[in-house]
Amino acid sequence: MSTAAVFGTGSWGTAFASVMADAGTDVRMWGRRPEVVAAINAGCNDEYLPELPLPERISATSDPEEAAAGADIVVLAVPSQTLRDNLGSWGSVLPSDAVVVSLMKGVELGTTKRMSEVIADAGSVDPSRIVVVSGPNLAREIAVKQPAASTVASSDEAAAQRVADACAAAYFRPYTSTDVVGTEIAGATKNVIALAVGMAEGLGMGDNSKASIITRGLAETTRLGMALGGSPVTFAGLAGVGDLIATCMSPLSRNHSFGVRLGQGMTVDEVVAVTKQTAEGVKSCTSILDLARHHGVDVPIIEQVNAMITEGKSAQDVVGALLSRPRKAETG
């Protein structure tokens with residue numbers, strides 16, 4: 001039986017903790033806010049997953065060392081742009097023989113590092129001990145035990161299998177992979193594409209428009225991922241098209257909902273003020289664009305979303321810029 005430490009008490013971290021607990025894993029969560037920790041210990045994370053009871057195998061603490069003690073699996077579920085600082089604060093308490101799992105879907109600003117690279121760098125974790133979980137992961141659906149599947153990727157097949165065994169619940173099916181690069185690139189870029197799809201919906205566009213953005217967004221994601229060494233199989237699978245569809249189309253998706261409001265004419269600051277949250281695609285679009293440019297990869301949708309986020313372009317201007325691009329054959 002495995003013992004897992006989950007660092008982060010947001011919706012996805014809590015949902016994944018529930019999955020592992022239902023699969024027979026004992027889970028201790030670390031949270032920064034005492035009130036959230038107390039709520040989890042009382043049996044429900046009211047802040048992020050209200051009215052959903054948590055399995056008895058889950059407990060929580062505000063002490064990083066207590067959370068990590070004896071864990072053979074450590075799950076990191078903090079916002080991607082805070083990962084380096086967090087590891088600087090408590091990374092030293094992570095057991096040296098534990099598998100370290102990333103639930104985060106982003107690219108670090110400034111360094112353009114993927115989350116597994118940040119873990120290796122800031123946490124001094126050997127890449128063979130790092131596992132990435134990614135797929136159609138709408139947290140609330142998983143928390144209420146609706147069937148779902150995800151990719152569990154690591155350069156070490158045994159590490160991936162170890163995590164897959166620890167999260168194989170009756171309603172959650174993990175598939176292992178050795179393509180860490182492709183899995184992470186797919187998970188990060190789909191958030192930006194979801195912003196674009198949400199913008200289209202906010203502008204009143206229909207399913208043809210949204211399907212076109214999703215399809216061309218998948219082409220951008222695949223080009224970038226393959227330029228970095230990812231496998232095309234990954235982008236056709238759960239971590240690729242599966243996660244892309246869920247994030248782009250579901251009202252449960254924070255990135256989709258954020259994009260809808262942008263399409264309706266709100267600014268980024270106005271959306272943040274209303275929702276009290278910033279979508280991951282807003283945080284990572286610049287770093288993903290920087291990564292693509294560094295490798296000479298054409299990503300026009302990501303480029304236009306970044307222009308809207310950072311330069312104040314309107315949703316109408318973004319659509320016009322994309323439609324006026326030179327036409328070419330559909331080769332990817």
# chains A, B, ... in the order shown; residues from 1 in each chain; ligands from 1
$ select_by_dssp --residues "segment 4-199 of chain A" --states "alpha helix (DSSP H)" --output "short mmCIF file (atom, residue, chain, number, x, y, z; two decimals) with C-alpha atoms, in the first residue's frame"
data_model
loop_
_atom_site.label_atom_id
_atom_site.label_comp_id
_atom_site.auth_asym_id
_atom_site.auth_seq_id
_atom_site.Cartn_x
_atom_site.Cartn_y
_atom_site.Cartn_z
CA SER A 11 -9.83 21.58 -6.74
CA TRP A 12 -7.62 19.29 -8.85
CA GLY A 13 -5.22 18.46 -6.03
CA THR A 14 -8.17 17.57 -3.80
CA ALA A 15 -9.90 15.56 -6.52
CA PHE A 16 -6.72 13.59 -7.27
CA ALA A 17 -6.21 12.98 -3.55
CA SER A 18 -9.71 11.50 -3.51
CA VAL A 19 -8.89 9.29 -6.49
CA MET A 20 -5.80 7.92 -4.76
CA ALA A 21 -7.69 7.39 -1.50
CA ASP A 22 -10.44 5.51 -3.32
CA PRO A 34 -5.37 26.82 8.06
CA GLU A 35 -9.09 27.16 7.36
CA VAL A 36 -8.86 24.97 4.26
CA VAL A 37 -6.77 22.41 6.14
CA ALA A 38 -9.37 22.34 8.94
CA ALA A 39 -12.19 21.85 6.44
CA ILE A 40 -10.41 18.92 4.78
CA ASN A 41 -9.83 17.30 8.17
CA PRO A 64 5.17 20.48 5.02
CA GLU A 65 7.43 18.10 6.94
CA GLU A 66 4.46 16.34 8.51
CA ALA A 67 2.77 16.03 5.12
CA ALA A 68 5.84 14.51 3.47
CA LEU A 83 6.16 26.04 -8.17
CA ARG A 84 9.75 27.24 -7.99
CA ASP A 85 9.11 29.44 -4.94
CA ASN A 86 7.19 26.67 -3.21
CA LEU A 87 9.97 24.17 -3.78
CA GLY A 88 12.38 26.73 -2.42
CA SER A 89 10.28 26.90 0.76
CA TRP A 90 9.60 23.21 1.44
CA MET A 115 6.97 21.76 -14.83
CA SER A 116 9.00 18.54 -14.66
CA GLU A 117 12.10 20.59 -15.52
CA VAL A 118 11.32 23.04 -12.71
CA ILE A 119 10.90 20.13 -10.29
CA ALA A 120 14.25 18.68 -11.35
CA ASP A 121 15.94 22.09 -11.15
CA ALA A 122 14.43 23.71 -8.05
CA ALA A 139 -11.88 18.25 -11.16
CA ARG A 140 -15.49 18.35 -10.08
CA GLU A 141 -16.54 15.57 -12.47
CA ILE A 142 -13.76 13.35 -11.13
CA ALA A 143 -14.58 14.30 -7.54
CA GLU A 157 8.30 3.03 -16.85
CA ALA A 158 8.41 1.59 -13.33
CA ALA A 159 7.78 5.01 -11.78
CA ALA A 160 4.82 5.61 -14.09
CA GLN A 161 3.38 2.20 -13.21
CA ARG A 162 3.85 2.86 -9.50
CA VAL A 163 1.75 6.02 -9.73
CA ALA A 164 -0.80 4.36 -12.02
CA ASP A 165 -1.28 1.61 -9.44
CA ALA A 166 -1.81 4.21 -6.72
CA VAL A 180 6.92 13.35 -20.63
CA VAL A 181 7.61 16.18 -23.10
CA GLY A 182 4.53 15.61 -25.22
CA THR A 183 2.29 15.11 -22.20
CA GLU A 184 3.40 18.39 -20.62
CA ILE A 185 3.28 20.46 -23.81
CA ALA A 186 -0.22 19.20 -24.56
CA GLY A 187 -1.38 20.00 -21.03
CA ALA A 188 0.03 23.52 -21.10
CA THR A 189 -1.02 24.66 -24.57
CA LYS A 190 -4.60 23.39 -24.35
CA ASN A 191 -5.27 26.09 -21.73
CA VAL A 192 -4.39 28.83 -24.21
CA ILE A 193 -6.47 27.23 -26.97
CA ALA A 194 -9.38 27.02 -24.50
CA LEU A 195 -9.15 30.77 -23.96
CA ALA A 196 -9.49 31.24 -27.73
CA VAL A 197 -12.49 28.91 -27.92
CA GLY A 198 -14.10 30.72 -25.01
CA MET A 199 -13.54 34.05 -26.76
#
$ residues_around --residues "Val282 of chain A" --least-positions-apart "4" --cutoff "9 Å" --atoms "only C-alpha atoms" --output "list of chain:residue names"
A:Asn191, A:Val192, A:Leu195, A:Asn255, A:Phe258, A:Val268, A:Thr278, A:Thr286, A:Val305, A:Asn306, A:Ile309
$ residues_around --residues "Val78 of chain A" --least-positions-apart "4" --cutoff "9 Å" --atoms "only C-alpha atoms" --output "list in words"
Phe7, Gly8, Thr9, Gly10, Gly13, Thr82, Leu83, Asn86, Leu103 and Met104 of chain A
$ residues_around --residues "segment 107-110 of chain A" --least-positions-apart "5" --cutoff "7 Å" --atoms "only C-alpha atoms" --output "JSON, numbers by chain"
{"A": [80, 81, 115, 188, 284, 287, 288]}
$ select_by_dssp --residues "segment 12-215 of chain A" --states "strand (DSSP E)" --output "mmCIF file with C-alpha atoms, in the first residue's frame"
data_model
loop_
_atom_site.group_PDB
_atom_site.id
_atom_site.type_symbol
_atom_site.label_atom_id
_atom_site.label_comp_id
_atom_site.auth_asym_id
_atom_site.auth_seq_id
_atom_site.Cartn_x
_atom_site.Cartn_y
_atom_site.Cartn_z
ATOM 1 C CA ASP A 26 -3.374 6.820 2.351
ATOM 2 C CA VAL A 27 -3.132 10.557 1.588
ATOM 3 C CA ARG A 28 -1.884 13.521 3.608
ATOM 4 C CA MET A 29 -2.454 16.933 2.062
ATOM 5 C CA TRP A 30 -0.468 20.092 2.703
ATOM 6 C CA ILE A 58 -7.423 11.787 3.473
ATOM 7 C CA SER A 59 -6.028 14.077 6.166
ATOM 8 C CA ALA A 60 -4.418 17.525 5.943
ATOM 9 C CA THR A 61 -1.782 19.633 7.646
ATOM 10 C CA ILE A 73 4.566 9.320 -3.654
ATOM 11 C CA VAL A 74 4.608 13.130 -3.515
ATOM 12 C CA VAL A 75 2.033 14.964 -5.622
ATOM 13 C CA LEU A 76 2.580 18.628 -6.512
ATOM 14 C CA VAL A 99 8.213 9.454 -6.824
ATOM 15 C CA VAL A 100 7.285 13.095 -7.454
ATOM 16 C CA VAL A 101 4.084 13.644 -9.429
ATOM 17 C CA SER A 102 3.226 16.845 -11.287
ATOM 18 C CA ILE A 130 9.278 12.531 -11.872
ATOM 19 C CA VAL A 131 5.849 11.517 -13.162
ATOM 20 C CA VAL A 132 3.337 13.714 -15.008
ATOM 21 C CA VAL A 133 -0.421 13.107 -14.813
ATOM 22 C CA SER A 134 -2.469 14.802 -17.523
ATOM 23 C CA ALA A 148 -12.431 9.389 -16.612
ATOM 24 C CA ALA A 149 -9.015 8.357 -17.896
ATOM 25 C CA SER A 150 -5.631 10.075 -17.896
ATOM 26 C CA THR A 151 -2.051 9.700 -19.052
ATOM 27 C CA VAL A 152 0.605 8.900 -16.432
ATOM 28 C CA ALA A 153 3.975 9.698 -18.010
ATOM 29 C CA PHE A 172 -10.409 6.520 -12.898
ATOM 30 C CA ARG A 173 -8.340 4.644 -15.477
ATOM 31 C CA PRO A 174 -4.644 5.574 -15.882
ATOM 32 C CA TYR A 175 -2.659 4.803 -19.052
ATOM 33 C CA THR A 176 1.135 4.885 -18.769
ATOM 34 C CA SER A 177 3.503 6.598 -21.196
#
$ atom_distance --atom1 "atom CA of Glu303 of chain A" --atom2 "atom CA of Thr178 of chain A"
29.2 Å
$ residues_around --residues "segment 208-210 of chain A" --least-positions-apart "4" --cutoff "12 Å" --atoms "only C-alpha atoms" --output "list in words"
Ile193, Ala194, Leu195, Ala196, Val197, Gly198, Met199, Ala200, Glu201, Gly202, Leu203, Gly204, Ile214, Thr215, Arg216, Gly217, Leu244, Ile245, Cys248, Met249, His256, Val260, Val319, Leu322 and Leu323 of chain A
$ write_last_selection --atoms "C-alpha atoms" --output "mmCIF file, in the first residue's frame"
data_model
loop_
_atom_site.group_PDB
_atom_site.id
_atom_site.type_symbol
_atom_site.label_atom_id
_atom_site.label_comp_id
_atom_site.auth_asym_id
_atom_site.auth_seq_id
_atom_site.Cartn_x
_atom_site.Cartn_y
_atom_site.Cartn_z
ATOM 1 C CA ILE A 193 -6.475 27.232 -26.969
ATOM 2 C CA ALA A 194 -9.383 27.019 -24.504
ATOM 3 C CA LEU A 195 -9.149 30.770 -23.959
ATOM 4 C CA ALA A 196 -9.490 31.244 -27.729
ATOM 5 C CA VAL A 197 -12.492 28.912 -27.922
ATOM 6 C CA GLY A 198 -14.102 30.721 -25.015
ATOM 7 C CA MET A 199 -13.542 34.050 -26.759
ATOM 8 C CA ALA A 200 -15.305 32.714 -29.848
ATOM 9 C CA GLU A 201 -18.256 31.640 -27.724
ATOM 10 C CA GLY A 202 -18.320 35.019 -26.012
ATOM 11 C CA LEU A 203 -18.504 36.649 -29.434
ATOM 12 C CA GLY A 204 -21.564 34.538 -30.231
ATOM 13 C CA ILE A 214 -9.803 23.342 -31.523
ATOM 14 C CA THR A 215 -8.533 21.541 -34.626
ATOM 15 C CA ARG A 216 -6.015 24.193 -35.576
ATOM 16 C CA GLY A 217 -5.044 24.531 -31.921
ATOM 17 C CA LEU A 244 -8.103 19.721 -25.359
ATOM 18 C CA ILE A 245 -11.758 18.876 -25.991
ATOM 19 C CA CYS A 248 -12.175 23.948 -24.630
ATOM 20 C CA MET A 249 -15.835 22.924 -24.439
ATOM 21 C CA HIS A 256 -12.960 28.343 -21.268
ATOM 22 C CA VAL A 260 -16.014 33.644 -22.746
ATOM 23 C CA VAL A 319 -10.391 36.821 -34.973
ATOM 24 C CA LEU A 322 -6.357 34.856 -37.678
ATOM 25 C CA LEU A 323 -8.780 34.898 -40.622
#
$ closest_residue --among "A:Gly43, A:Leu94, A:Leu252, A:Ala227" --to "His294 of chain A" --atoms "only C-alpha atoms"
A:Ala227
